[in-house]
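Source file: coords_3.cif. Holds: mmCIF, C-alpha atoms.
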```cif
data_target
loop_
_atom_site.label_atom_id
_atom_site.label_comp_id
_atom_site.auth_asym_id
_atom_site.auth_seq_id
_atom_site.Cartn_x
_atom_site.Cartn_y
_atom_site.Cartn_z
CA MET A 1 100.47 85.66 -64.08
CA LYS A 2 96.96 84.82 -62.95
CA ARG A 3 96.62 83.65 -59.36
CA SER A 4 93.47 82.26 -57.79
CA LEU A 5 91.98 84.06 -54.82
CA GLY A 6 92.80 81.05 -52.66
CA ASN A 7 96.46 81.17 -53.64
CA ILE A 8 96.59 84.89 -52.89
CA ILE A 9 95.08 84.32 -49.44
CA ALA A 10 97.36 81.32 -48.77
CA ASP A 11 100.48 83.29 -49.76
CA SER A 12 99.73 85.80 -46.99
CA LEU A 13 98.82 83.01 -44.57
CA GLN A 14 102.16 81.27 -45.17
CA VAL A 15 104.00 84.44 -44.14
CA SER A 16 101.87 84.64 -40.99
CA ILE A 17 102.48 80.98 -40.10
CA GLY A 18 106.23 81.42 -40.53
CA TYR A 19 106.19 84.52 -38.35
CA ALA A 20 104.12 82.71 -35.70
CA GLU A 21 106.78 79.97 -35.61
CA ARG A 22 109.66 82.45 -35.28
CA LEU A 23 107.91 84.34 -32.49
CA LEU A 24 107.93 81.20 -30.31
CA LYS A 25 111.73 80.87 -30.45
CA ASP A 26 113.19 80.85 -26.93
CA VAL A 27 109.79 81.33 -25.23
CA PRO A 28 109.95 79.31 -22.00
CA SER A 29 106.86 77.18 -21.44
CA GLY A 30 106.67 78.52 -17.89
CA ARG A 31 106.23 82.09 -19.22
CA PHE A 32 103.81 81.18 -22.05
CA ALA A 33 100.66 82.06 -20.05
CA ARG A 34 102.14 84.94 -18.07
CA PHE A 35 101.82 88.67 -18.56
CA ALA A 36 105.09 90.17 -19.74
CA ALA A 37 107.09 91.86 -17.02
CA ALA A 38 109.09 95.05 -17.52
CA GLY A 39 111.44 95.73 -14.64
CA GLY A 40 109.53 93.25 -12.50
CA VAL A 41 106.19 94.97 -13.16
CA ALA A 42 103.58 92.91 -15.02
CA VAL A 43 102.10 94.50 -18.13
CA GLU A 44 98.42 93.58 -18.39
CA ALA A 45 98.28 92.66 -22.07
CA ASN A 46 97.66 89.46 -24.02
CA HIS A 47 100.25 86.76 -23.36
CA PRO A 48 101.30 84.02 -25.83
CA ALA A 49 98.83 81.41 -24.55
CA PHE A 50 95.94 83.79 -25.11
CA ILE A 51 97.23 85.05 -28.47
CA TYR A 52 97.80 81.61 -30.01
CA GLY A 53 94.67 80.18 -28.38
CA HIS A 54 92.51 83.04 -29.65
CA LEU A 55 93.90 82.84 -33.16
CA SER A 56 93.46 79.06 -33.24
CA LEU A 57 89.68 79.49 -33.01
CA TYR A 58 89.51 81.07 -36.44
CA ALA A 59 91.15 78.36 -38.56
CA PRO A 60 88.22 75.91 -38.12
CA LYS A 61 85.78 78.75 -38.90
CA VAL A 62 87.60 79.50 -42.15
CA LEU A 63 87.57 75.83 -43.13
CA ILE A 64 83.87 75.42 -42.41
CA GLN A 65 82.91 78.60 -44.25
CA ILE A 66 84.72 77.49 -47.41
CA GLY A 67 83.27 73.98 -47.25
CA HIS A 68 86.25 71.96 -46.00
CA PRO A 69 86.49 69.56 -43.05
CA ALA A 70 87.71 71.26 -39.88
CA PRO A 71 89.40 69.93 -36.76
CA GLY A 72 87.33 70.03 -33.60
CA VAL A 73 88.21 72.88 -31.30
CA PRO A 74 89.65 71.51 -28.05
CA ASP A 75 87.42 71.60 -24.99
CA GLN A 76 87.38 74.95 -23.23
CA PHE A 77 89.24 76.84 -26.02
CA GLU A 78 86.13 78.78 -27.03
CA LEU A 79 85.44 79.80 -23.44
CA MET A 80 89.07 80.72 -22.67
CA PHE A 81 90.05 82.38 -25.94
CA SER A 82 86.95 83.89 -27.57
CA LYS A 83 86.89 87.54 -28.60
CA ASP A 84 84.93 88.19 -25.39
CA ALA A 85 87.29 86.29 -23.06
CA ILE A 86 89.63 88.14 -20.74
CA CYS A 87 93.32 87.28 -20.77
CA ARG A 88 94.46 86.39 -17.26
CA ASP A 89 97.96 86.10 -15.83
CA ASP A 90 98.39 82.38 -15.10
CA VAL A 91 100.66 82.74 -12.06
CA ASP A 92 100.11 79.16 -10.82
CA GLY A 93 100.07 77.54 -14.26
CA ASP A 94 96.60 76.08 -13.86
CA LEU A 95 94.34 78.38 -15.92
CA TYR A 96 95.43 77.63 -19.49
CA PRO A 97 96.37 74.46 -21.38
CA PRO A 98 100.09 73.73 -21.85
CA MET A 99 102.07 75.55 -24.52
CA ASP A 100 102.42 72.45 -26.71
CA GLU A 101 98.67 71.80 -26.73
CA ILE A 102 97.81 75.34 -27.79
CA THR A 103 100.54 75.74 -30.39
CA SER A 104 100.05 72.26 -31.87
CA PHE A 105 96.38 72.97 -32.51
CA PHE A 106 97.19 76.44 -33.89
CA PHE A 107 99.75 75.19 -36.42
CA GLU A 108 97.83 72.04 -37.40
CA ALA A 109 94.66 74.01 -38.07
CA TYR A 110 96.32 76.83 -40.03
CA ARG A 111 98.30 74.39 -42.17
CA MET A 112 94.98 72.76 -43.03
CA VAL A 113 93.62 76.20 -43.96
CA SER A 114 96.59 76.90 -46.20
CA GLY A 115 95.98 73.80 -48.29
CA ALA A 116 92.21 74.23 -48.27
CA VAL A 117 92.16 77.83 -49.47
CA ARG A 118 94.57 76.97 -52.31
CA SER A 119 92.11 74.33 -53.57
CA THR A 120 88.97 76.42 -53.12
CA PRO A 121 87.45 77.80 -56.33
CA ASP A 122 87.21 81.56 -56.77
CA ALA A 123 83.42 81.22 -57.00
CA THR A 124 83.33 80.15 -53.35
CA PHE A 125 85.28 83.23 -52.25
CA GLU A 126 82.95 85.45 -54.28
CA GLN A 127 79.93 84.30 -52.24
CA GLU A 128 78.34 86.61 -49.71
CA ASN A 129 79.80 86.58 -46.20
CA PRO A 130 77.17 84.84 -44.00
CA ALA A 131 78.07 87.05 -41.02
CA THR A 132 75.79 89.83 -39.93
CA GLY A 133 76.40 93.31 -38.60
CA ARG A 134 79.76 95.00 -38.76
CA MET A 135 81.67 91.93 -40.04
CA ALA A 136 79.34 91.72 -43.05
CA GLN A 137 79.74 95.44 -43.70
CA LEU A 138 83.53 95.33 -43.47
CA PHE A 139 83.92 92.05 -45.36
CA PRO A 140 81.01 91.49 -47.76
CA THR A 141 82.36 88.29 -49.38
CA LEU A 142 83.80 85.02 -48.10
CA GLY A 143 87.04 85.96 -49.82
CA SER A 144 87.34 89.28 -48.06
CA VAL A 145 86.63 87.84 -44.62
CA GLN A 146 89.00 84.88 -45.17
CA ALA A 147 91.73 87.26 -46.38
CA PHE A 148 91.29 89.17 -43.12
CA TYR A 149 91.36 86.05 -40.93
CA CYS A 150 94.41 84.66 -42.76
CA GLY A 151 96.30 87.95 -42.92
CA GLY A 152 95.35 91.07 -40.98
CA HIS A 153 93.78 89.34 -37.98
CA LEU A 154 96.73 87.00 -37.57
CA MET A 155 99.33 89.73 -37.97
CA MET A 156 97.51 92.10 -35.61
CA HIS A 157 97.68 89.54 -32.79
CA LEU A 158 101.17 88.35 -33.73
CA GLY A 159 102.22 91.98 -33.29
CA GLN A 160 101.04 91.63 -29.68
CA MET A 161 103.27 88.57 -29.43
CA SER A 162 106.21 90.55 -30.77
CA THR A 163 105.64 93.21 -28.11
CA TRP A 164 105.39 90.54 -25.39
CA ARG A 165 108.75 89.15 -26.54
CA ARG A 166 110.40 92.58 -26.38
CA ILE A 167 109.08 93.26 -22.88
CA GLU A 168 110.31 89.82 -21.79
CA GLY A 169 113.77 90.64 -23.17
CA LEU A 170 113.65 87.98 -25.90
CA GLY A 171 114.25 90.45 -28.73
CA ALA A 172 113.03 90.38 -32.30
CA ALA A 173 111.97 87.11 -33.88
#
```
Mind converting the file's structure to structure tokens?
Amino acid sequence: MKRSLGNIIADSLQVSIGYAERLLKDVPSGRFARFAAAGGVAVEANHPAFIYGHLSLYAPKVLIQIGHPAPGVPDQFELMFSKDAICRDDVDGDLYPPMDEITSFFFEAYRMVSGAVRSTPDATFEQENPATGRMAQLFPTLGSVQAFYCGGHLMMHLGQMSTWRRIEGLGAA
């Protein structure tokens, strides 16, 4: 059975989206932007708001790189969630947007990606990655970088979410 590169990428993305949905089960909105606490001691590691906010930045990038319309990134997301941003414990609930705002954008954008990559011709994915430096070395084509953003990058950060859940006592998703 021959499968297009876009379908192969989207198959992995669908698994990631489903996992991202399951990981939110039973997460209280009041804990969404808080460091996990083990025995009352905060663990300084990415919390759900940062994880989903950070990941949400990449869906529009994927769409733009493969020539599809992309949703506008909400104000302040780039500043709060970029690869250079620092995750902060939002004790007072006033640093990060609400859970629904972050997760709605995340899921809307990645569902758009799923459909877009399925309809993208293989020739597009075979084009050179326009990035420079290490990203271009690691992922020389648009297909290789999009496969990373829709698979490995998502799952790496969703693994952080799984750990946060365990520390919070929410168990496996």
How would you write, as an MDAnalysis selection string, the residues chosen by the PyMOL selection byres ((chain A and resi 57) around 8) on this structure? chainID A and resid 53:56 58:61 73 77:78 81:82
Using the selection just defined, write its residues with C-alpha atoms as a compact mmCIF listing (two decimals), in the coordinates of the input.
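Saved the output as result08.txt:
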```txt
# COMPACT_ATOMS: atom_id res chain seq x y z
CA GLY A 53 94.67 80.18 -28.38
CA HIS A 54 92.51 83.04 -29.65
CA LEU A 55 93.90 82.84 -33.16
CA SER A 56 93.46 79.06 -33.24
CA TYR A 58 89.51 81.07 -36.44
CA ALA A 59 91.15 78.36 -38.56
CA PRO A 60 88.22 75.91 -38.12
CA LYS A 61 85.78 78.75 -38.90
CA VAL A 73 88.21 72.88 -31.30
CA PHE A 77 89.24 76.84 -26.02
CA GLU A 78 86.13 78.78 -27.03
CA PHE A 81 90.05 82.38 -25.94
CA SER A 82 86.95 83.89 -27.57
```
Any chance you could work out the residue set of the PyMOL selection byres ((chain A and resi 96) around 9) here, as a list in words?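 For this structure, the PyMOL selection byres ((chain A and resi 96) around 9) captures Ala33, Ala49, Phe50, Met80, Asp90, Gly93, Asp94, Leu95, Pro97, Pro98, Met99 and Ile102 of chain A.
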Just to confirm, what's the straight-line distance from CA of Ala109 in chain A to CA of Ala70 in chain A in Å (one decimal)? 7.7 Å
Using only C-alpha atoms: which of A:Ala45, A:Leu142, A:Ala172, A:Met156 has the shortest distance to Gln65 in chain A: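 Of A:Ala45, A:Leu142, A:Ala172, A:Met156, the one nearest Gln65 in chain A, counting only C-alpha atoms, is A:Leu142.
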Residues matched by the PyMOL selection byres ((chain A and resi 112-123) around 7), written as an MDAnalysis selection string: chainID A and resid 4:7 10 13 59 63 68 108:111 124:127
For the residues in the current selection, export C-alpha atoms as a compact mmCIF listing (two decimals), in the coordinates of the input.
```txt
# COMPACT_ATOMS: atom_id res chain seq x y z
CA SER A 4 93.47 82.26 -57.79
CA LEU A 5 91.98 84.06 -54.82
CA GLY A 6 92.80 81.05 -52.66
CA ASN A 7 96.46 81.17 -53.64
CA ALA A 10 97.36 81.32 -48.77
CA LEU A 13 98.82 83.01 -44.57
CA ALA A 59 91.15 78.36 -38.56
CA LEU A 63 87.57 75.83 -43.13
CA HIS A 68 86.25 71.96 -46.00
CA GLU A 108 97.83 72.04 -37.40
CA ALA A 109 94.66 74.01 -38.07
CA TYR A 110 96.32 76.83 -40.03
CA ARG A 111 98.30 74.39 -42.17
CA THR A 124 83.33 80.15 -53.35
CA PHE A 125 85.28 83.23 -52.25
CA GLU A 126 82.95 85.45 -54.28
CA GLN A 127 79.93 84.30 -52.24
```
Mind listing as a list in words all residues within 7 Å of (100.7, 85.0, -42.5), counting all atoms listed in the file? Ser12, Leu13, Gln14, Val15, Ser16, Ile17, Gly18, Tyr19, Cys150, Gly151, Leu154 and Met155 of chain A
Correct to one decimal, the distance CA of Asp75 in chain A-CA of Ser29 in chain A is 20.5 Å
Go ahead and compute the interatomic distance for CA of Trp164 in chain A and CA of Val62 in chain A, in Å to one decimal. 26.8 Å
Top pick for closest residue to Glu21 in chain A, considering A:Gln146, A:Thr103, A:Gln76, A:Asn129 and counting only C-alpha atoms: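 Ranking A:Gln146, A:Thr103, A:Gln76, A:Asn129 by distance to Glu21 in chain A, first place goes to A:Thr103.
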Considering all atoms listed in the file, can you say which of A:Pro74, A:Pro48, A:Pro69, A:Gly30 comes closest to Gly159 in chain A?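 When distances to Gly159 in chain A are compared using all atoms listed in the file, the smallest one comes from A:Pro48.
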Which centre and which edge lengths, in Å to one decimal, describe the axis-aligned box that holds all listed atoms of range 144-149 of chain A after 4 Å is added on each side, as JSON?
```
{"center_x": 89.2, "center_y": 87.1, "center_z": -44.5, "size_x": 13.1, "size_y": 12.4, "size_z": 15.1}
```
Which residue of A:Arg134, A:Arg34, A:Arg3, A:Arg166 approaches Ile51 in chain A most closely, using only C-alpha atoms: A:Arg34
Between A:Thr163, A:Ala173, A:Asp89, A:Glu168, which is the closest to Gly39 in chain A once you count only C-alpha atoms?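 Of the candidates, the smallest distance to Gly39 in chain A is held by A:Glu168.
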From the options A:Pro71, A:Ile66, A:Pro140, A:Tyr52, which residue's atoms come nearest to Ala20 in chain A, counting all atoms listed in the file?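 Between A:Pro71, A:Ile66, A:Pro140, A:Tyr52, the residue approaching Ala20 in chain A most closely is A:Tyr52.
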Keeping C-alpha atoms (and nothing else), can you write range 26-140 of chain A of this structure as an mmCIF file, in the first residue's frame?
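Listing of out-v2.cif after writing:
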```
data_model
loop_
_atom_site.group_PDB
_atom_site.id
_atom_site.type_symbol
_atom_site.label_atom_id
_atom_site.label_comp_id
_atom_site.auth_asym_id
_atom_site.auth_seq_id
_atom_site.Cartn_x
_atom_site.Cartn_y
_atom_site.Cartn_z
ATOM 1 C CA ASP A 26 -9.145 15.464 35.245
ATOM 2 C CA VAL A 27 -6.643 18.370 35.121
ATOM 3 C CA PRO A 28 -8.175 21.145 37.247
ATOM 4 C CA SER A 29 -8.031 24.538 35.557
ATOM 5 C CA GLY A 30 -6.617 25.993 38.770
ATOM 6 C CA ARG A 31 -3.566 23.690 38.527
ATOM 7 C CA PHE A 32 -3.042 24.098 34.756
ATOM 8 C CA ALA A 33 -0.357 26.806 35.113
ATOM 9 C CA ARG A 34 1.205 25.505 38.315
ATOM 10 C CA PHE A 35 4.372 23.517 38.867
ATOM 11 C CA ALA A 36 3.577 19.982 39.945
ATOM 12 C CA ALA A 37 3.929 19.377 43.661
ATOM 13 C CA ALA A 38 5.285 16.172 45.174
ATOM 14 C CA GLY A 39 4.615 15.951 48.888
ATOM 15 C CA GLY A 40 3.876 19.672 48.974
ATOM 16 C CA VAL A 41 7.196 20.555 47.301
ATOM 17 C CA ALA A 42 6.956 22.232 43.893
ATOM 18 C CA VAL A 43 8.925 20.596 41.090
ATOM 19 C CA GLU A 44 10.346 23.277 38.798
ATOM 20 C CA ALA A 45 9.463 21.748 35.441
ATOM 21 C CA ASN A 46 7.132 22.674 32.591
ATOM 22 C CA HIS A 47 3.473 22.778 33.596
ATOM 23 C CA PRO A 48 0.499 22.100 31.276
ATOM 24 C CA ALA A 49 -0.067 25.754 30.335
ATOM 25 C CA PHE A 50 3.516 26.065 29.169
ATOM 26 C CA ILE A 51 3.569 22.679 27.422
ATOM 27 C CA TYR A 52 0.372 23.200 25.411
ATOM 28 C CA GLY A 53 1.161 26.876 24.797
ATOM 29 C CA HIS A 54 4.662 26.073 23.547
ATOM 30 C CA LEU A 55 3.474 23.277 21.285
ATOM 31 C CA SER A 56 0.681 25.453 19.881
ATOM 32 C CA LEU A 57 3.270 27.794 18.347
ATOM 33 C CA TYR A 58 4.441 25.133 15.922
ATOM 34 C CA ALA A 59 1.159 24.273 14.186
ATOM 35 C CA PRO A 60 0.948 27.657 12.379
ATOM 36 C CA LYS A 61 4.621 27.322 11.398
ATOM 37 C CA VAL A 62 3.960 23.918 9.839
ATOM 38 C CA LEU A 63 0.958 25.265 7.932
ATOM 39 C CA ILE A 64 2.855 28.259 6.592
ATOM 40 C CA GLN A 65 5.873 26.197 5.553
ATOM 41 C CA ILE A 66 3.720 23.804 3.519
ATOM 42 C CA GLY A 67 1.759 26.626 1.902
ATOM 43 C CA HIS A 68 -1.553 26.464 3.782
ATOM 44 C CA PRO A 69 -3.449 29.219 5.606
ATOM 45 C CA ALA A 70 -2.611 29.370 9.309
ATOM 46 C CA PRO A 71 -4.480 30.748 12.298
ATOM 47 C CA GLY A 72 -2.997 33.821 13.899
ATOM 48 C CA VAL A 73 -1.081 33.104 17.071
ATOM 49 C CA PRO A 74 -2.841 34.734 20.031
ATOM 50 C CA ASP A 75 -1.260 37.861 21.469
ATOM 51 C CA GLN A 76 1.571 37.172 23.889
ATOM 52 C CA PHE A 77 1.818 33.417 23.081
ATOM 53 C CA GLU A 78 5.156 33.842 21.304
ATOM 54 C CA LEU A 79 6.602 35.803 24.212
ATOM 55 C CA MET A 80 5.241 33.443 26.893
ATOM 56 C CA PHE A 81 5.805 30.097 25.186
ATOM 57 C CA SER A 82 8.757 30.388 22.779
ATOM 58 C CA LYS A 83 11.668 27.967 22.990
ATOM 59 C CA ASP A 84 13.543 30.719 24.857
ATOM 60 C CA ALA A 85 10.762 31.507 27.357
ATOM 61 C CA ILE A 86 11.011 30.376 30.954
ATOM 62 C CA CYS A 87 8.134 28.434 32.474
ATOM 63 C CA ARG A 88 6.954 30.151 35.650
ATOM 64 C CA ASP A 89 4.749 28.871 38.454
ATOM 65 C CA ASP A 90 1.541 30.923 38.156
ATOM 66 C CA VAL A 91 0.674 31.016 41.864
ATOM 67 C CA ASP A 92 -1.807 33.903 41.551
ATOM 68 C CA GLY A 93 -3.300 32.804 38.224
ATOM 69 C CA ASP A 94 -2.401 36.007 36.419
ATOM 70 C CA LEU A 95 0.655 35.107 34.310
ATOM 71 C CA TYR A 96 -0.801 32.759 31.690
ATOM 72 C CA PRO A 97 -4.020 32.707 29.661
ATOM 73 C CA PRO A 98 -6.835 30.425 30.886
ATOM 74 C CA MET A 99 -6.695 26.697 30.204
ATOM 75 C CA ASP A 100 -9.536 26.818 27.663
ATOM 76 C CA GLU A 101 -7.847 29.550 25.616
ATOM 77 C CA ILE A 102 -4.550 27.677 25.376
ATOM 78 C CA THR A 103 -5.995 24.238 24.699
ATOM 79 C CA SER A 104 -8.598 25.498 22.213
ATOM 80 C CA PHE A 105 -5.898 27.123 20.104
ATOM 81 C CA PHE A 106 -3.668 24.038 20.396
ATOM 82 C CA PHE A 107 -6.339 21.596 19.205
ATOM 83 C CA GLU A 108 -7.800 23.885 16.530
ATOM 84 C CA ALA A 109 -4.385 24.527 15.011
ATOM 85 C CA TYR A 110 -3.209 20.898 15.055
ATOM 86 C CA ARG A 111 -6.474 19.663 13.544
ATOM 87 C CA MET A 112 -5.883 22.137 10.729
ATOM 88 C CA VAL A 113 -2.365 20.721 10.325
ATOM 89 C CA SER A 114 -3.686 17.177 10.152
ATOM 90 C CA GLY A 115 -5.948 17.967 7.219
ATOM 91 C CA ALA A 116 -3.375 20.178 5.516
ATOM 92 C CA VAL A 117 -0.526 17.679 5.577
ATOM 93 C CA ARG A 118 -2.806 14.957 4.172
ATOM 94 C CA SER A 119 -3.559 17.168 1.156
ATOM 95 C CA THR A 120 -0.001 18.372 0.607
ATOM 96 C CA PRO A 121 1.820 16.815 -2.363
ATOM 97 C CA ASP A 122 4.959 14.786 -1.723
ATOM 98 C CA ALA A 123 6.913 17.260 -3.869
ATOM 99 C CA THR A 124 6.327 19.946 -1.231
ATOM 100 C CA PHE A 125 7.715 17.739 1.532
ATOM 101 C CA GLU A 126 10.759 16.937 -0.608
ATOM 102 C CA GLN A 127 11.733 20.634 -0.754
ATOM 103 C CA GLU A 128 14.690 21.909 1.231
ATOM 104 C CA ASN A 129 14.010 22.984 4.812
ATOM 105 C CA PRO A 130 14.298 26.817 4.808
ATOM 106 C CA ALA A 131 15.725 26.808 8.343
ATOM 107 C CA THR A 132 19.380 27.460 8.947
ATOM 108 C CA GLY A 133 21.893 26.043 11.375
ATOM 109 C CA ARG A 134 21.267 22.922 13.393
ATOM 110 C CA MET A 135 17.591 22.546 12.362
ATOM 111 C CA ALA A 136 18.609 22.439 8.698
ATOM 112 C CA GLN A 137 21.331 19.905 9.464
ATOM 113 C CA LEU A 138 19.024 17.651 11.472
ATOM 114 C CA PHE A 139 16.037 18.010 9.141
ATOM 115 C CA PRO A 140 17.158 18.795 5.583
#
```
